$ cat structure-v5.cif   # mmCIF, C-alpha atoms
data_start
loop_
_atom_site.label_atom_id
_atom_site.label_comp_id
_atom_site.auth_asym_id
_atom_site.auth_seq_id
_atom_site.Cartn_x
_atom_site.Cartn_y
_atom_site.Cartn_z
CA MET A 1 32.95 116.63 142.36
CA ALA A 2 36.10 116.53 140.25
CA ARG A 3 38.70 114.01 141.25
CA SER A 4 42.11 115.34 142.12
CA MET A 5 44.89 114.42 139.73
CA HIS A 6 47.88 112.72 141.34
CA VAL A 7 51.03 112.86 139.24
CA ARG A 8 53.69 110.48 140.43
CA ARG A 9 57.08 112.12 140.78
CA PRO A 10 59.86 110.40 138.92
CA ALA A 11 62.00 108.18 141.08
CA THR A 12 65.41 109.43 142.17
CA LEU A 13 68.56 107.57 143.01
CA ALA A 14 67.76 108.06 146.71
CA SER A 15 64.17 106.84 146.45
CA LEU A 16 65.23 103.84 144.39
CA ALA A 17 67.89 102.93 146.96
CA ALA A 18 65.30 103.22 149.72
CA GLU A 19 62.84 101.04 147.81
CA LEU A 20 65.49 98.36 147.38
CA GLY A 21 66.99 98.72 150.83
CA VAL A 22 70.48 99.24 149.41
CA SER A 23 72.95 102.12 149.38
CA ARG A 24 73.04 104.85 146.74
CA THR A 25 76.45 103.58 145.73
CA THR A 26 74.97 100.17 144.94
CA VAL A 27 72.39 101.75 142.64
CA SER A 28 75.06 103.88 140.97
CA ASN A 29 77.29 100.85 140.45
CA ALA A 30 74.47 99.04 138.67
CA TYR A 31 74.81 101.64 135.89
CA ASN A 32 78.42 102.75 136.04
CA ARG A 33 80.36 99.81 137.50
CA PRO A 34 78.31 96.66 136.88
CA ASP A 35 81.29 94.44 137.65
CA GLN A 36 80.97 95.50 141.32
CA LEU A 37 77.58 93.78 141.69
CA SER A 38 76.37 90.23 141.33
CA PRO A 39 74.25 89.65 138.18
CA GLU A 40 71.21 88.96 140.35
CA LEU A 41 71.52 92.21 142.36
CA ARG A 42 72.12 94.32 139.26
CA ARG A 43 69.09 92.79 137.55
CA ARG A 44 66.94 93.54 140.59
CA VAL A 45 68.14 97.16 140.64
CA LEU A 46 67.44 97.68 136.94
CA ASP A 47 64.05 95.95 137.06
CA THR A 48 62.95 98.11 139.99
CA ALA A 49 64.27 101.23 138.26
CA ARG A 50 62.13 100.47 135.21
CA ARG A 51 59.05 99.82 137.37
CA LEU A 52 59.48 103.10 139.27
CA GLY A 53 60.42 105.14 136.20
CA TYR A 54 63.98 105.94 137.29
CA PRO A 55 65.85 107.14 134.15
CA GLY A 56 69.35 106.41 135.41
CA PRO A 57 72.11 108.71 136.67
CA ASP A 58 72.12 112.22 135.23
CA PRO A 59 74.96 112.24 132.66
CA VAL A 60 75.48 115.99 133.03
CA ALA A 61 75.79 115.74 136.79
CA ARG A 62 78.11 112.76 136.44
CA SER A 63 80.40 114.60 134.03
CA LEU A 64 80.53 117.58 136.37
CA ARG A 65 81.44 115.32 139.24
CA THR A 66 84.03 113.20 137.42
CA ARG A 67 85.22 115.98 135.10
CA LYS A 68 84.99 113.41 132.29
CA ALA A 69 82.65 113.69 129.30
CA GLY A 70 83.16 110.12 128.13
CA ALA A 71 83.58 111.21 124.51
CA VAL A 72 86.23 112.09 121.94
CA GLY A 73 85.68 115.10 119.71
CA LEU A 74 86.50 114.88 115.99
CA LEU A 75 87.16 118.32 114.55
CA LEU A 76 86.24 118.30 110.88
CA THR A 77 86.46 121.65 109.15
CA GLU A 78 83.80 120.71 106.64
CA ASN A 79 80.04 120.57 106.67
CA LEU A 80 78.78 117.59 108.69
CA SER A 81 77.60 115.66 105.63
CA TYR A 82 81.19 115.52 104.34
CA ALA A 83 82.06 112.91 106.97
CA PHE A 84 79.45 110.58 105.45
CA ARG A 85 80.04 111.49 101.79
CA ASP A 86 83.80 111.59 101.21
CA PRO A 87 85.21 108.02 100.88
CA ALA A 88 88.53 108.77 102.62
CA ALA A 89 86.77 110.60 105.46
CA ILE A 90 84.38 107.66 105.85
CA GLY A 91 87.29 105.24 106.19
CA PHE A 92 89.04 107.47 108.71
CA LEU A 93 85.83 107.88 110.72
CA GLU A 94 85.34 104.12 110.83
CA GLY A 95 88.85 103.59 112.17
CA LEU A 96 88.41 106.26 114.83
CA ALA A 97 85.06 104.78 115.83
CA LEU A 98 86.67 101.35 116.23
CA ALA A 99 89.29 102.81 118.57
CA CYS A 100 86.55 104.49 120.60
CA GLU A 101 84.58 101.24 120.76
CA ASP A 102 87.63 99.39 122.06
CA ALA A 103 88.04 102.04 124.78
CA GLY A 104 84.34 102.17 125.65
CA THR A 105 84.07 105.87 124.90
CA GLY A 106 81.80 107.96 122.70
CA LEU A 107 82.55 109.98 119.58
CA LEU A 108 81.28 113.51 118.97
CA LEU A 109 81.57 115.10 115.53
CA VAL A 110 82.47 118.78 115.74
CA PRO A 111 81.96 120.10 112.20
CA ALA A 112 83.04 123.60 111.26
CA ASN A 113 82.16 125.40 108.06
CA PRO A 114 85.46 126.05 106.22
CA GLU A 115 84.25 129.48 105.08
CA ARG A 116 83.30 130.72 108.54
CA GLU A 117 85.31 131.58 111.61
CA ASP A 118 82.71 130.86 114.29
CA VAL A 119 84.51 128.61 116.80
CA ALA A 120 81.57 128.28 119.22
CA SER A 121 81.14 124.58 118.33
CA VAL A 122 84.65 123.90 119.63
CA HIS A 123 84.05 125.78 122.88
CA ARG A 124 80.70 124.01 123.45
CA ALA A 125 81.96 120.50 122.80
CA GLY A 126 81.86 118.40 125.96
CA VAL A 127 84.75 116.06 125.18
CA ASP A 128 87.82 114.64 126.89
CA GLY A 129 90.09 115.29 123.93
CA PHE A 130 90.16 116.15 120.23
CA VAL A 131 91.21 114.43 117.05
CA VAL A 132 91.80 117.12 114.43
CA TYR A 133 91.28 115.77 110.91
CA SER A 134 93.20 117.47 108.11
CA VAL A 135 92.92 121.24 108.61
CA PRO A 136 95.09 124.17 107.49
CA ASP A 137 97.72 125.52 109.85
CA ASP A 138 95.92 128.87 110.16
CA ASP A 139 92.48 127.48 110.92
CA PRO A 140 90.74 129.34 113.80
CA HIS A 141 88.97 126.14 114.91
CA LEU A 142 92.36 124.46 115.37
CA ALA A 143 93.51 127.43 117.44
CA ALA A 144 90.38 127.08 119.60
CA VAL A 145 91.08 123.36 120.11
CA LEU A 146 94.64 124.04 121.20
CA GLU A 147 93.34 126.53 123.77
CA ARG A 148 91.33 123.77 125.46
CA PRO A 149 93.15 121.98 128.34
CA VAL A 150 92.57 118.53 126.81
CA PRO A 151 94.82 116.19 124.81
CA THR A 152 94.85 116.60 121.03
CA VAL A 153 95.94 114.42 118.11
CA VAL A 154 96.26 115.78 114.57
CA CYS A 155 95.70 113.50 111.61
CA ASP A 156 97.51 114.44 108.38
CA GLN A 157 97.78 118.19 108.77
CA PRO A 158 99.14 120.44 110.07
CA ASP A 159 102.36 119.00 111.43
CA LEU A 160 102.73 121.29 114.44
CA GLY A 161 105.53 119.48 116.20
CA THR A 162 103.88 120.21 119.55
CA VAL A 163 101.03 117.66 119.59
CA ASP A 164 100.69 113.99 118.66
CA ARG A 165 100.22 113.36 114.94
CA VAL A 166 99.28 110.51 112.60
CA GLY A 167 100.07 110.76 108.90
CA ILE A 168 101.95 109.50 105.88
CA ASP A 169 104.87 110.69 103.74
CA ASP A 170 102.76 112.59 101.20
CA ARG A 171 105.75 114.10 99.45
CA GLY A 172 107.58 110.80 99.11
CA ALA A 173 104.46 108.95 97.94
CA MET A 174 103.71 111.50 95.22
CA TYR A 175 107.38 111.59 94.20
CA GLU A 176 107.21 107.82 93.63
CA LEU A 177 104.05 108.18 91.53
CA ALA A 178 105.68 110.94 89.48
CA LYS A 179 108.73 108.73 88.85
CA HIS A 180 106.37 106.06 87.50
CA LEU A 181 104.91 108.55 85.03
CA ILE A 182 108.37 109.77 84.05
CA SER A 183 109.50 106.17 83.43
CA LEU A 184 106.58 105.80 81.02
CA GLY A 185 107.81 108.84 79.11
CA HIS A 186 105.47 111.58 80.32
CA ARG A 187 106.89 115.09 80.40
CA ARG A 188 103.88 117.19 79.44
CA VAL A 189 101.56 116.96 82.42
CA GLY A 190 98.82 118.89 84.21
CA VAL A 191 97.59 118.80 87.81
CA VAL A 192 94.24 119.11 89.59
CA CYS A 193 94.69 119.59 93.34
CA MET A 194 92.49 120.01 96.38
CA ARG A 195 92.22 123.37 98.15
CA LEU A 196 95.47 124.95 99.28
CA ALA A 197 94.14 127.59 101.65
CA ARG A 198 90.97 128.77 103.40
CA ASP A 199 90.17 131.31 100.72
CA ARG A 200 88.15 129.99 97.79
CA ASN A 201 90.21 129.67 94.63
CA ASP A 202 88.91 127.66 91.71
CA GLY A 203 91.55 128.32 89.13
CA PHE A 204 95.18 128.11 88.17
CA VAL A 205 97.76 128.17 90.94
CA THR A 206 101.02 130.08 90.91
CA ALA A 207 104.25 128.57 92.19
CA GLU A 208 104.07 131.03 95.09
CA ARG A 209 100.64 129.78 96.17
CA GLN A 210 101.85 126.18 95.97
CA HIS A 211 104.87 126.91 98.19
CA ALA A 212 102.80 128.92 100.70
CA ALA A 213 99.88 126.47 100.92
CA HIS A 214 98.38 126.27 104.42
CA PHE A 215 97.15 122.74 103.72
CA HIS A 216 100.41 120.89 104.25
CA VAL A 217 99.27 117.63 102.64
CA GLN A 218 98.52 119.32 99.32
CA ARG A 219 101.70 121.38 99.55
CA ASN A 220 103.77 118.25 100.10
CA ARG A 221 102.11 116.32 97.28
CA LEU A 222 102.72 119.16 94.84
CA SER A 223 106.28 119.44 96.10
CA GLY A 224 106.88 115.74 95.43
CA LEU A 225 105.60 116.14 91.88
CA ALA A 226 107.66 119.27 91.27
CA GLU A 227 110.83 117.62 92.55
CA ALA A 228 110.49 114.52 90.40
CA PHE A 229 109.56 116.32 87.17
CA SER A 230 112.21 118.98 87.70
CA GLU A 231 114.81 116.22 87.98
CA ALA A 232 113.51 114.95 84.62
CA GLY A 233 114.11 118.34 83.01
CA VAL A 234 110.55 119.68 83.17
CA ASP A 235 110.13 123.39 84.01
CA TRP A 236 107.58 123.07 86.81
CA SER A 237 106.60 126.74 86.54
CA GLN A 238 105.14 125.90 83.11
CA VAL A 239 103.04 122.98 84.35
CA PRO A 240 99.33 123.94 84.59
CA VAL A 241 98.12 123.36 88.17
CA VAL A 242 94.43 123.94 88.89
CA GLU A 243 92.99 124.17 92.40
CA ARG A 244 89.48 123.21 93.46
CA PHE A 245 87.95 124.33 96.77
CA ASP A 246 85.18 121.73 96.89
CA HIS A 247 86.21 118.11 96.97
CA ASN A 248 83.88 116.12 94.74
CA MET A 249 83.80 114.51 91.30
CA ALA A 250 82.25 117.60 89.72
CA SER A 251 85.29 119.58 90.83
CA GLY A 252 87.57 116.96 89.31
CA ALA A 253 85.71 117.16 86.02
CA SER A 254 85.74 120.96 85.87
CA GLY A 255 89.38 121.09 86.94
CA ALA A 256 90.35 118.62 84.22
CA ALA A 257 88.44 120.69 81.67
CA GLN A 258 90.33 123.81 82.71
CA VAL A 259 93.70 122.08 82.39
CA LEU A 260 92.86 120.47 79.03
CA ASP A 261 91.55 123.75 77.66
CA LYS A 262 94.83 125.37 78.69
CA ASP A 263 97.00 122.67 77.13
CA PRO A 264 95.22 120.07 74.99
CA GLN A 265 98.55 118.36 74.33
CA ILE A 266 99.21 117.15 77.89
CA THR A 267 99.71 113.39 78.09
CA ALA A 268 99.09 112.86 81.82
CA LEU A 269 96.73 114.45 84.33
CA VAL A 270 97.82 114.05 87.95
CA CYS A 271 95.09 114.51 90.57
CA THR A 272 95.88 114.83 94.27
CA SER A 273 92.90 112.66 95.27
CA ASP A 274 91.00 109.74 93.81
CA VAL A 275 87.72 111.66 93.92
CA LEU A 276 89.19 114.38 91.69
CA ALA A 277 90.71 111.74 89.41
CA LEU A 278 87.40 109.94 88.94
CA GLY A 279 85.81 113.24 88.01
CA ALA A 280 88.68 113.92 85.59
CA MET A 281 88.05 110.57 83.90
CA THR A 282 84.42 111.53 83.25
CA GLU A 283 85.61 114.76 81.60
CA ALA A 284 88.10 112.82 79.47
CA ALA A 285 85.32 110.50 78.33
CA ARG A 286 83.09 113.49 77.56
CA ARG A 287 85.81 114.81 75.25
CA GLY A 288 86.25 111.48 73.56
CA LEU A 289 89.67 110.88 75.07
CA ARG A 290 90.52 107.29 75.89
CA VAL A 291 92.21 106.63 79.22
CA PRO A 292 95.08 105.74 79.15
CA HIS A 293 95.60 105.60 75.37
CA ASP A 294 95.06 109.33 74.85
CA LEU A 295 95.42 110.57 78.42
CA THR A 296 96.91 109.04 81.55
CA VAL A 297 95.01 109.89 84.76
CA THR A 298 96.24 109.22 88.30
CA GLY A 299 94.85 109.78 91.78
CA PHE A 300 95.78 109.48 95.43
CA ASP A 301 94.09 107.66 98.38
CA GLY A 302 93.21 104.17 97.16
CA ILE A 303 89.47 104.33 97.82
CA ARG A 304 87.22 101.44 96.74
CA GLU A 305 85.74 103.38 93.83
CA ALA A 306 89.25 103.99 92.49
CA GLU A 307 90.10 100.32 92.79
CA ALA A 308 86.94 99.40 90.90
CA ALA A 309 87.88 101.86 88.13
CA GLY A 310 91.42 100.45 87.91
CA LEU A 311 92.90 103.84 88.75
CA THR A 312 96.65 104.25 89.08
CA THR A 313 96.97 105.78 92.53
CA VAL A 314 98.68 105.81 95.89
CA ARG A 315 96.88 103.70 98.46
CA GLN A 316 97.01 105.02 102.00
CA PRO A 317 95.59 103.22 105.08
CA VAL A 318 92.74 105.62 105.90
CA LEU A 319 91.02 103.26 108.35
CA GLU A 320 94.27 102.60 110.19
CA LYS A 321 94.86 106.35 110.36
CA GLY A 322 91.62 106.75 112.29
CA ARG A 323 92.35 103.82 114.57
CA ALA A 324 95.90 105.04 115.28
CA ALA A 325 94.70 108.58 116.02
CA GLY A 326 92.11 107.24 118.46
CA LYS A 327 94.64 105.01 120.20
CA LEU A 328 97.09 107.87 120.61
CA LEU A 329 94.44 110.11 122.10
CA LEU A 330 93.01 107.49 124.44
CA ASP A 331 96.41 106.28 125.65
CA SER A 332 96.56 107.56 129.22
CA ASN A 333 100.29 106.93 129.68
CA GLU A 334 102.33 109.96 130.62
CA ARG A 335 104.62 111.27 127.90
CA SER A 336 107.20 114.00 127.83
CA ARG A 337 107.23 114.75 124.09
CA PRO A 338 104.78 114.61 121.17
CA ARG A 339 104.49 111.28 119.41
CA SER A 340 104.32 110.74 115.65
CA VAL A 341 102.92 107.76 113.76
CA ASN A 342 103.92 107.59 110.08
CA LEU A 343 102.00 104.94 108.16
CA ALA A 344 103.16 103.24 104.97
CA THR A 345 101.62 103.84 101.53
CA GLU A 346 101.59 101.70 98.37
CA LEU A 347 101.83 102.75 94.74
CA ILE A 348 99.08 100.98 92.79
CA ILE A 349 99.77 100.67 89.06
CA GLY A 350 96.33 100.43 87.53
CA LYS A 351 94.99 100.50 83.99
CA THR A 352 94.73 104.31 83.74
CA SER A 353 98.43 104.95 83.12
CA ALA A 354 100.41 104.10 80.00
CA ALA A 355 103.14 105.53 77.81
CA PRO A 356 102.13 108.71 75.96
CA ARG A 357 101.12 108.56 72.32
CA GLY A 358 103.60 109.80 69.77
CA GLY A 359 101.85 113.11 69.17
CA ALA A 360 98.61 114.97 68.82
CA GLU A 361 98.02 113.47 65.36
CA GLU A 362 97.76 110.01 66.91
CA ARG A 363 95.04 110.97 69.35
CA TRP A 364 91.67 109.41 68.76
CA PHE A 365 88.68 111.68 69.16
CA GLY A 366 85.58 109.60 69.40
CA PRO A 367 82.03 110.63 68.64
#

$ encode --input "structure-v5.cif" --output "structure tokens"
Amino acid sequence: MARSMHVRRPATLASLAAELGVSRTTVSNAYNRPDQLSPELRRRVLDTARRLGYPGPDPVARSLRTRKAGAVGLLLTENLSYAFRDPAAIGFLEGLALACEDAGTGLLLVPANPEREDVASVHRAGVDGFVVYSVPDDDPHLAAVLERPVPTVVCDQPDLGTVDRVGIDDRGAMYELAKHLISLGHRRVGVVCMRLARDRNDGFVTAERQHAAHFHVQRNRLSGLAEAFSEAGVDWSQVPVVERFDHNMASGASGAAQVLDKDPQITALVCTSDVLALGAMTEAARRGLRVPHDLTVTGFDGIREAEAAGLTTVRQPVLEKGRAAGKLLLDSNERSRPRSVNLATELIIGKTSAAPRGGAEERWFGP
């Protein structure tokens, strides 16, 4: 005769409370408010829960009851891997994570493909607020975030004026870098910049596209360059500016190649990020151009790889950006107007910038 199979039902909060002879609130406090119990009582509750197979309070039910998800959402309009591949994004993510750790809250990455308009990931995100990391002003995912009745902080871009923001003076920082190049004697320059809009454009950029850029950070950096060089008598409309949609070293190399093919006589190549600049340096080496003797190359961000390469760049506090954005979002104090945190930058004069050579005949073309 076959024996009957008895499957023990998993313990519930009620059955665990009954087993211990305590209230349901006491059991709940053991998980959610441990400071309300003595160490001995909490240990007894948790030990009994393990013995009976009680998994703990249902987080979904708790969030429905408290109307709190216990997590911050980071909107990143890139593929998920970008957050773990791009050096500046990594630094920002670390700073935001530190702020969340300090507040005892979780962090949920909400990636969004920049070439798609599906905003379902924003609507599905169970978060108590959003940090929006560097998106264009016409991004549909940003619009979806702003429709949610939760607090929002924007880092870098766009500057909406209606929500809290953390950023730097991109225009002023790039203006200062341009003045450094001008003081060295550079007038014939080229530029490789990050994407200016949501549409893919891997080519030369008109002045109109620069002025209408939906990525405000890039627009401001180009504006700082244009202002400084125009003051020095350079016709900015004649400066070759190349845009790259993807942000990686390969894009920096191909962008540099496009600029140098257009004007082999440029003496300085200004890149709007360190990643692009490092790629540009590999292209210069491939062509046998010595940096900075034959070609000055500059970047922007101050990442570790740039420091190791001795790149002339603008260092910005990416980790502190993340921490400041998290603190703003998690600050529960009532406020009547949007807050803005503007962090300082530092011009780093490295070994990749020098005075231009006297002319094309003095350039050295190696093997």

$ resolve_selection --input "structure-v5.cif" --expression "the PyMOL selection byres ((chain A and resi 142) around 12)" --output "PyMOL selection string"
chain A and resi 74-77+110-112+114+117-119+121-123+130-141+143-148+152-154+157-158+160+163

$ resolve_selection --input "structure-v5.cif" --expression "the PyMOL selection byres ((chain A and resi 253) around 6)" --output "JSON, numbers by chain"
{"A": [250, 251, 252, 254, 255, 256, 279, 280, 283]}

$ residues_around --input "structure-v5.cif" --residues "Thr313 in chain A" --least-positions-apart "6" --cutoff "8 Å" --atoms "only C-alpha atoms" --output "PyMOL selection string"
chain A and resi 177+274+298-302+306+347-350

$ residues_around --input "structure-v5.cif" --residues "Ala88 in chain A" --least-positions-apart "6" --cutoff "12 Å" --atoms "only C-alpha atoms" --output "list in words"
Tyr82, Glu94, Gly95, Tyr133, Ser134, His247, Asn248, Ser273, Asp274, Val275, Phe300, Asp301, Gly302, Ile303, Arg304, Glu305, Ala306, Arg315, Gln316, Pro317, Val318, Leu319, Glu320, Lys321 and Gly322 of chain A

$ write_last_selection --input "structure-v5.cif" --atoms "C-alpha atoms" --output "compact mmCIF listing (two decimals), in the coordinates of the input"
# COMPACT_ATOMS: atom_id res chain seq x y z
CA TYR A 82 81.19 115.52 104.34
CA GLU A 94 85.34 104.12 110.83
CA GLY A 95 88.85 103.59 112.17
CA TYR A 133 91.28 115.77 110.91
CA SER A 134 93.20 117.47 108.11
CA HIS A 247 86.21 118.11 96.97
CA ASN A 248 83.88 116.12 94.74
CA SER A 273 92.90 112.66 95.27
CA ASP A 274 91.00 109.74 93.81
CA VAL A 275 87.72 111.66 93.92
CA PHE A 300 95.78 109.48 95.43
CA ASP A 301 94.09 107.66 98.38
CA GLY A 302 93.21 104.17 97.16
CA ILE A 303 89.47 104.33 97.82
CA ARG A 304 87.22 101.44 96.74
CA GLU A 305 85.74 103.38 93.83
CA ALA A 306 89.25 103.99 92.49
CA ARG A 315 96.88 103.70 98.46
CA GLN A 316 97.01 105.02 102.00
CA PRO A 317 95.59 103.22 105.08
CA VAL A 318 92.74 105.62 105.90
CA LEU A 319 91.02 103.26 108.35
CA GLU A 320 94.27 102.60 110.19
CA LYS A 321 94.86 106.35 110.36
CA GLY A 322 91.62 106.75 112.29

$ residues_around --input "structure-v5.cif" --residues "range 18-20 of chain A" --least-positions-apart "3" --cutoff "8 Å" --atoms "all atoms listed in the file" --output "ChimeraX atom specification"
/A:14-15,23,45,48

$ resolve_selection --input "structure-v5.cif" --expression "the PyMOL selection byres ((chain A and resi 72) around 10)" --output "PyMOL selection string"
chain A and resi 69-71+73-75+96-97+100+105-110+125-131+151-152+326+329-330

$ atom_distance --input "structure-v5.cif" --atom1 "CA of Ala277 in chain A" --atom2 "CA of Arg200 in chain A"
20.2 Å

$ closest_atom_pairs --input "structure-v5.cif" --of "range 221-296 of chain A" --to "range 192-198 of chain A" --cutoff "8 Å" --atoms "only C-alpha atoms" --output "Markdown table"
| residue | atom | partner | partner_atom | distance |
| --- | --- | --- | --- | --- |
| A:Val241 | CA | A:Val192 | CA | 5.9 |
| A:Val242 | CA | A:Val192 | CA | 4.9 |
| A:Glu243 | CA | A:Cys193 | CA | 5.0 |
| A:Arg244 | CA | A:Met194 | CA | 5.3 |
| A:Phe245 | CA | A:Arg195 | CA | 4.6 |
| A:Asp246 | CA | A:Arg195 | CA | 7.3 |
| A:His247 | CA | A:Met194 | CA | 6.6 |
| A:Gly252 | CA | A:Val192 | CA | 7.0 |
| A:Gly255 | CA | A:Val192 | CA | 5.9 |
| A:Ala256 | CA | A:Val192 | CA | 6.6 |
| A:Val259 | CA | A:Val192 | CA | 7.8 |
| A:Leu269 | CA | A:Val192 | CA | 7.5 |
| A:Val270 | CA | A:Val192 | CA | 6.4 |
| A:Cys271 | CA | A:Val192 | CA | 4.8 |
| A:Thr272 | CA | A:Cys193 | CA | 5.0 |
| A:Ser273 | CA | A:Cys193 | CA | 7.4 |
| A:Leu276 | CA | A:Val192 | CA | 7.2 |

$ closest_residue --input "structure-v5.cif" --among "A:Val234, A:Leu46, A:Leu37, A:Leu343" --to "Ala17 in chain A" --atoms "all atoms listed in the file"
A:Leu46

$ atom_distance --input "structure-v5.cif" --atom1 "CA of Ala324 in chain A" --atom2 "CA of Cys155 in chain A"
9.2 Å

$ atom_distance --input "structure-v5.cif" --atom1 "CA of Arg187 in chain A" --atom2 "CA of Tyr175 in chain A"
14.2 Å

$ closest_residue --input "structure-v5.cif" --among "A:Thr352, A:Thr345, A:Thr26, A:Thr206" --to "Arg44 in chain A" --atoms "all atoms listed in the file"
A:Thr26
